[in-house]
Amino acid sequence: MTYPLPAPQTPFVLRRLQEADIPHVMTIERQVFPLSWSPGIFRYELRHNRFGYYLAIATTDERLPPLVGYGGIWLYLPEAHISTLAVHPQFQGLHLGAWLLAALLLHAARRGATEATLEVRVSNVGAQRLYTSFGFVVVGRRHRYYSDNGEDAYIMTLAPLELATIRQRFQREVRMVQERWHQRGKRLLAQRSEEPTP
C-alpha cells in the first residue's frame with residue numbers, strides 16, 4: 001500500500017506512524033484509554049518490533065491537531081492481532097476509526113493474514129460495535145485482563161480475513177470519512193477556533 005493515503009476532500013491522511021509522533025500519540029492515548037501505553041512502549045514498538053505495523057491519521061490543516069488517530073497490528077502469520085486503535089475524542093464519529101481499522105486489516109490481508117484477533121474491554125460497547133461491523137465475533141473472555149480495575153476483556157476474532165471484502169470496506173470507509181467531514185467539518189473547525197489557546 002502506498003502512503004500517504006488521503007481521504008479525498010478532507011484534511012486527513014493515513015501514513016506510517018513515526019517516533020516524532022509519539023508526543024501527539026500520548027495526548028490522545030491519555031484521553032482515550034484508562035490504562036495507557038507509555039512513550040517507551042511506543043518507541044520500542046516502532047524501533048524493535050519487527051512484527052508490528054503502525055499507522056497514523058495525520059492532518060493537513062494547521063487548525064487541527066497534527067495527529068487525530070493511530071493504530072497498530074502485530075503480524076504473526078497467518079494471524080493479525082490488533083494491538084491498539086484510538087481516535088481523538090473530538091474527532092470520533094467521522095468514521096476515522098473504521099477507516100484506520102480497515103487500512104490495518106487490508107495491510108494484514110495483503111501480507112497473507114487469514115484471521116484477525118483483538119482484546120476489548122467488556123464495558124467498551126462502542127469499540128465492540130465497530131469490530132462487530134467488520135465481522136468480528138466474541139470467541140472468549142480474559143478474566144481480570146486490565147490491571148487498572150480488574151475488568152475482563154472479550155477476545156474477538158475475524159475469520160476468514162478476506163482481501164476482497166476488506167478492500168471493499170476500506171473504499172467504503174474512505175467515502176464515509178469524506179461524507180462525514182462534509183457534514184461536520186466546518187462546525188468542528190469553528191469549535192476549535194473558539195477554544196482558548198493553551
# chains A, B, ... in the order shown; residues from 1 in each chain; ligands from 1
call {"tool": "select_by_dssp", "arguments": {"residues": "segment 39-179 of chain A", "states": "strand (DSSP E or B)", "output": "NGL selection string"}}
result
:A and (52-59 or 67-76 or 79-87 or 115-121 or 137-142 or 153-158)
call {"tool": "write_last_selection", "arguments": {"atoms": "C-alpha atoms", "output": "compact mmCIF listing (two decimals), in the first residue's frame"}}
result
# COMPACT_ATOMS: atom_id res chain seq x y z
CA GLY A 52 4.50 -4.57 14.37
CA TYR A 53 2.91 -2.25 11.82
CA TYR A 54 1.58 1.15 12.89
CA LEU A 55 -0.40 3.83 11.08
CA ALA A 56 -1.33 7.39 11.96
CA ILE A 57 -4.13 9.65 10.82
CA ALA A 58 -2.31 12.92 10.24
CA THR A 59 -3.92 16.23 9.32
CA LEU A 67 -2.49 13.71 14.64
CA VAL A 68 -6.07 12.61 15.31
CA GLY A 69 -5.72 8.84 15.38
CA TYR A 70 -3.36 5.89 15.33
CA GLY A 71 -3.44 2.12 15.38
CA GLY A 72 -1.29 -0.94 15.05
CA ILE A 73 -1.21 -4.64 14.39
CA TRP A 74 1.16 -7.48 15.16
CA LEU A 75 1.53 -9.86 12.24
CA TYR A 76 2.09 -13.42 13.37
CA GLU A 79 -2.87 -14.23 12.31
CA ALA A 80 -3.01 -10.46 12.67
CA HIS A 81 -3.55 -9.08 16.17
CA ILE A 82 -4.89 -5.55 16.64
CA SER A 83 -2.53 -4.12 19.27
CA THR A 84 -4.03 -0.63 19.61
CA LEU A 85 -6.55 1.67 17.95
CA ALA A 86 -7.51 5.18 19.04
CA VAL A 87 -9.14 8.34 17.69
CA GLU A 115 -7.51 -14.24 10.63
CA ALA A 116 -7.57 -11.17 12.90
CA THR A 117 -7.90 -11.06 16.68
CA LEU A 118 -8.09 -8.46 19.44
CA GLU A 119 -9.00 -7.86 23.07
CA VAL A 120 -11.54 -5.24 24.09
CA ARG A 121 -12.91 -4.16 27.46
CA VAL A 137 -17.25 -12.15 16.91
CA VAL A 138 -16.64 -12.82 20.60
CA VAL A 139 -14.84 -16.15 20.99
CA GLY A 140 -13.65 -15.95 24.59
CA ARG A 141 -13.08 -13.88 27.68
CA ARG A 142 -9.89 -12.98 29.58
CA ALA A 153 -11.67 -8.46 28.16
CA TYR A 154 -13.56 -10.08 25.34
CA ILE A 155 -11.46 -11.92 22.79
CA MET A 156 -12.84 -11.14 19.35
CA THR A 157 -11.89 -12.83 16.09
CA LEU A 158 -12.49 -12.17 12.41
call {"tool": "residues_around", "arguments": {"residues": "segment 29-45 of chain A", "least_positions_apart": "2", "cutoff": "9 Å", "atoms": "only C-alpha atoms", "output": "PDB file with C-alpha atoms, in the first residue's frame"}}
result
ATOM      1  CA  GLN A  18       6.831   7.790  13.336  1.00  0.00           C
ATOM      2  CA  GLU A  19       8.769   8.323  16.546  1.00  0.00           C
ATOM      3  CA  ILE A  22       4.787   9.978  19.992  1.00  0.00           C
ATOM      4  CA  PRO A  23       4.010  13.226  21.908  1.00  0.00           C
ATOM      5  CA  HIS A  24       0.837  13.636  19.846  1.00  0.00           C
ATOM      6  CA  VAL A  25       0.014   9.958  20.316  1.00  0.00           C
ATOM      7  CA  MET A  26       0.298  10.351  24.088  1.00  0.00           C
ATOM      8  CA  THR A  27      -2.120  13.301  24.058  1.00  0.00           C
ATOM      9  CA  ARG A  47      12.164   0.642  16.703  1.00  0.00           C
ATOM     10  CA  HIS A  48      12.312  -3.048  17.533  1.00  0.00           C
ATOM     11  CA  ASN A  49       9.086  -4.973  16.970  1.00  0.00           C
ATOM     12  CA  ARG A  50       9.612  -6.493  13.534  1.00  0.00           C
ATOM     13  CA  PHE A  51       6.104  -7.965  13.687  1.00  0.00           C
ATOM     14  CA  GLY A  52       4.498  -4.570  14.371  1.00  0.00           C
ATOM     15  CA  TYR A  53       2.915  -2.255  11.819  1.00  0.00           C
ATOM     16  CA  TYR A  54       1.579   1.147  12.889  1.00  0.00           C
ATOM     17  CA  ALA A  86      -7.506   5.177  19.042  1.00  0.00           C
ATOM     18  CA  VAL A  87      -9.138   8.341  17.691  1.00  0.00           C
ATOM     19  CA  HIS A  88      -9.011  11.760  19.352  1.00  0.00           C
ATOM     20  CA  PRO A  89     -12.305  12.268  21.268  1.00  0.00           C
ATOM     21  CA  TYR A 146      -6.970  -4.957  32.675  1.00  0.00           C
ATOM     22  CA  SER A 147      -4.765  -4.157  35.652  1.00  0.00           C
ATOM     23  CA  ASP A 148      -6.210  -0.704  36.362  1.00  0.00           C
TER      24      ASP A 148
END
call {"tool": "residues_around", "arguments": {"residues": "Leu106 of chain A", "least_positions_apart": "2", "cutoff": "10 Å", "atoms": "only C-alpha atoms", "output": "PDB file with C-alpha atoms, in the first residue's frame"}}
result
ATOM      1  CA  MET A   1       0.000   0.000   0.000  1.00  0.00           C
ATOM      2  CA  LEU A 100      -7.926   3.131  10.199  1.00  0.00           C
ATOM      3  CA  LEU A 101      -9.054  -0.380  11.138  1.00  0.00           C
ATOM      4  CA  ALA A 102      -9.830  -1.176   7.510  1.00  0.00           C
ATOM      5  CA  ALA A 103      -6.358   0.018   6.464  1.00  0.00           C
ATOM      6  CA  LEU A 104      -4.677  -2.157   9.101  1.00  0.00           C
ATOM      7  CA  ALA A 108      -2.582  -7.711   7.047  1.00  0.00           C
ATOM      8  CA  ALA A 109      -4.598  -9.459   4.335  1.00  0.00           C
ATOM      9  CA  ARG A 110      -2.127  -8.358   1.658  1.00  0.00           C
ATOM     10  CA  ARG A 111       0.683  -9.835   3.769  1.00  0.00           C
ATOM     11  CA  GLY A 112      -1.116 -13.176   3.936  1.00  0.00           C
ATOM     12  CA  ALA A 113      -3.042 -12.999   7.197  1.00  0.00           C
ATOM     13  CA  LEU A 161      -9.944 -12.355   6.711  1.00  0.00           C
ATOM     14  CA  GLU A 162     -10.724 -11.937   3.011  1.00  0.00           C
ATOM     15  CA  LEU A 163      -8.758  -9.465   0.931  1.00  0.00           C
ATOM     16  CA  ALA A 164     -11.597  -8.593  -1.459  1.00  0.00           C
ATOM     17  CA  THR A 165     -14.035  -7.958   1.396  1.00  0.00           C
ATOM     18  CA  ILE A 166     -11.597  -5.785   3.327  1.00  0.00           C
ATOM     19  CA  ARG A 167     -10.669  -3.834   0.199  1.00  0.00           C
ATOM     20  CA  GLN A 168     -14.335  -3.022  -0.354  1.00  0.00           C
ATOM     21  CA  ARG A 169     -14.742  -2.000   3.288  1.00  0.00           C
ATOM     22  CA  PHE A 170     -11.694   0.243   3.069  1.00  0.00           C
TER      23      PHE A 170
END
call {"tool": "decode", "arguments": {"residues": "segment 108-140 of chain A", "atoms": "N, CA and C atoms", "output": "compact mmCIF listing (two decimals), in the first residue's frame"}}
result
# COMPACT_ATOMS: atom_id res chain seq x y z
N ALA A 108 -2.76 -6.35 6.55
CA ALA A 108 -2.58 -7.71 7.05
C ALA A 108 -2.99 -8.74 6.00
N ALA A 109 -4.13 -8.51 5.35
CA ALA A 109 -4.60 -9.46 4.34
C ALA A 109 -3.64 -9.51 3.16
N ARG A 110 -3.09 -8.38 2.77
CA ARG A 110 -2.13 -8.36 1.66
C ARG A 110 -0.83 -9.08 2.02
N ARG A 111 -0.53 -9.14 3.32
CA ARG A 111 0.68 -9.83 3.77
C ARG A 111 0.43 -11.33 3.98
N GLY A 112 -0.82 -11.76 3.82
CA GLY A 112 -1.12 -13.18 3.94
C GLY A 112 -1.87 -13.60 5.18
N ALA A 113 -2.26 -12.64 6.01
CA ALA A 113 -3.04 -13.00 7.20
C ALA A 113 -4.43 -13.49 6.79
N THR A 114 -4.90 -14.51 7.44
CA THR A 114 -6.22 -15.06 7.15
C THR A 114 -7.17 -14.95 8.34
N GLU A 115 -6.69 -14.38 9.43
CA GLU A 115 -7.51 -14.24 10.63
C GLU A 115 -7.01 -13.03 11.41
N ALA A 116 -7.93 -12.31 12.06
CA ALA A 116 -7.57 -11.17 12.90
C ALA A 116 -8.17 -11.35 14.28
N THR A 117 -7.43 -10.95 15.31
CA THR A 117 -7.90 -11.06 16.68
C THR A 117 -7.63 -9.76 17.43
N LEU A 118 -8.31 -9.61 18.57
CA LEU A 118 -8.09 -8.46 19.44
C LEU A 118 -8.71 -8.72 20.81
N GLU A 119 -8.32 -7.90 21.77
CA GLU A 119 -9.00 -7.86 23.07
C GLU A 119 -9.65 -6.50 23.23
N VAL A 120 -10.82 -6.49 23.87
CA VAL A 120 -11.54 -5.24 24.09
C VAL A 120 -12.22 -5.31 25.45
N ARG A 121 -12.25 -4.19 26.15
CA ARG A 121 -12.91 -4.16 27.46
C ARG A 121 -14.38 -4.57 27.32
N VAL A 122 -14.86 -5.33 28.28
CA VAL A 122 -16.26 -5.73 28.30
C VAL A 122 -17.17 -4.51 28.31
N SER A 123 -16.73 -3.43 28.94
CA SER A 123 -17.56 -2.23 29.05
C SER A 123 -17.49 -1.33 27.81
N ASN A 124 -16.56 -1.58 26.92
CA ASN A 124 -16.35 -0.69 25.77
C ASN A 124 -17.28 -1.09 24.62
N VAL A 125 -18.53 -0.73 24.79
CA VAL A 125 -19.56 -1.13 23.82
C VAL A 125 -19.34 -0.47 22.47
N GLY A 126 -18.87 0.77 22.47
CA GLY A 126 -18.64 1.47 21.20
C GLY A 126 -17.61 0.76 20.34
N ALA A 127 -16.49 0.36 20.96
CA ALA A 127 -15.46 -0.36 20.21
C ALA A 127 -15.98 -1.70 19.73
N GLN A 128 -16.72 -2.38 20.58
CA GLN A 128 -17.29 -3.68 20.19
C GLN A 128 -18.21 -3.52 18.99
N ARG A 129 -18.97 -2.44 18.97
CA ARG A 129 -19.88 -2.20 17.84
C ARG A 129 -19.08 -2.02 16.55
N LEU A 130 -17.97 -1.29 16.62
CA LEU A 130 -17.12 -1.11 15.45
C LEU A 130 -16.58 -2.46 14.97
N TYR A 131 -16.04 -3.24 15.88
CA TYR A 131 -15.45 -4.52 15.49
C TYR A 131 -16.51 -5.48 14.94
N THR A 132 -17.66 -5.48 15.55
CA THR A 132 -18.74 -6.35 15.07
C THR A 132 -19.14 -5.97 13.65
N SER A 133 -19.11 -4.68 13.33
CA SER A 133 -19.48 -4.24 11.98
C SER A 133 -18.52 -4.77 10.92
N PHE A 134 -17.31 -5.13 11.32
CA PHE A 134 -16.34 -5.71 10.42
C PHE A 134 -16.45 -7.23 10.35
N GLY A 135 -17.27 -7.81 11.21
CA GLY A 135 -17.42 -9.25 11.22
C GLY A 135 -16.74 -9.95 12.38
N PHE A 136 -16.11 -9.19 13.28
CA PHE A 136 -15.51 -9.81 14.46
C PHE A 136 -16.61 -10.39 15.35
N VAL A 137 -16.33 -11.52 15.97
CA VAL A 137 -17.25 -12.15 16.91
C VAL A 137 -16.50 -12.47 18.19
N VAL A 138 -17.23 -12.47 19.30
CA VAL A 138 -16.64 -12.82 20.60
C VAL A 138 -16.42 -14.33 20.65
N VAL A 139 -15.17 -14.72 20.92
CA VAL A 139 -14.84 -16.15 20.99
C VAL A 139 -14.33 -16.57 22.36
N GLY A 140 -14.15 -15.61 23.26
CA GLY A 140 -13.65 -15.95 24.59
C GLY A 140 -13.61 -14.73 25.48
